[in-house]
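Quick notes on the structure that follows.
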Amino acid sequence: NVIEWHKEKTNRDYVKEIGNGHNRSYFNELVNIFEYVWYGSFNIEKEYFDRMTERFSSFEHSVNVAAADPND
């Protein structure tokens, strides 16, 4: 419930939708990593993949905590 998905939106549109400054910055970093790997058309090493998986999980946790906060 942090973004509203639409097929025609870009990743940058989604970054703009995230209100919390920390989560926006974090999501922007993850988007950059995703685009670098996805559109770069190259393989990444398992160690790098594992580190990025951890970062994605940490972001997901951060968003869930923020969504649970009634004062946010």
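Residues in the structure tokens are numbered from 1 in each chain, the chains being A, B, ... in the order shown, and ligands are numbered from 1 in the order shown.
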
Ala66 in chain A environment, 12 Å, only C-alpha atoms, sequence neighbours closer than 5 positions dropped, as a list of chain:residue names: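 Final neighbour list, sorted by chain and number: A:Asn1, A:Val2, A:Ile18, A:Gly19, A:Asn20, A:Gly21, A:His22, A:Asn23, A:Arg24, A:Phe59, A:Glu60, A:His61, A:Asn71, A:Asp72.
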
Provide the CA of Ile33 in chain A to CA of Ala68 in chain A distance in Å, to one decimal place.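 Pair CA of Ile33 in chain A / CA of Ala68 in chain A returns 26.8 Å.
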
How would you write, as a PyMOL selection string, the set of residues in chain A that DSSP gives as alpha helix (DSSP H)? chain A and resi 11-17+21-40+46-68

With only C-alpha atoms as the counted atoms, please give the residues lying no more than 12 Å from Phe49 in chain A, apart from itself and same-chain residues fewer than 5 positions off, as JSON, numbers by chain. {"A": [33, 34, 37, 43, 44, 54, 55, 56]}

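Interatomic distance, CA of Phe42 in chain A to CA of Lys16 in chain A: 27.8 Å.
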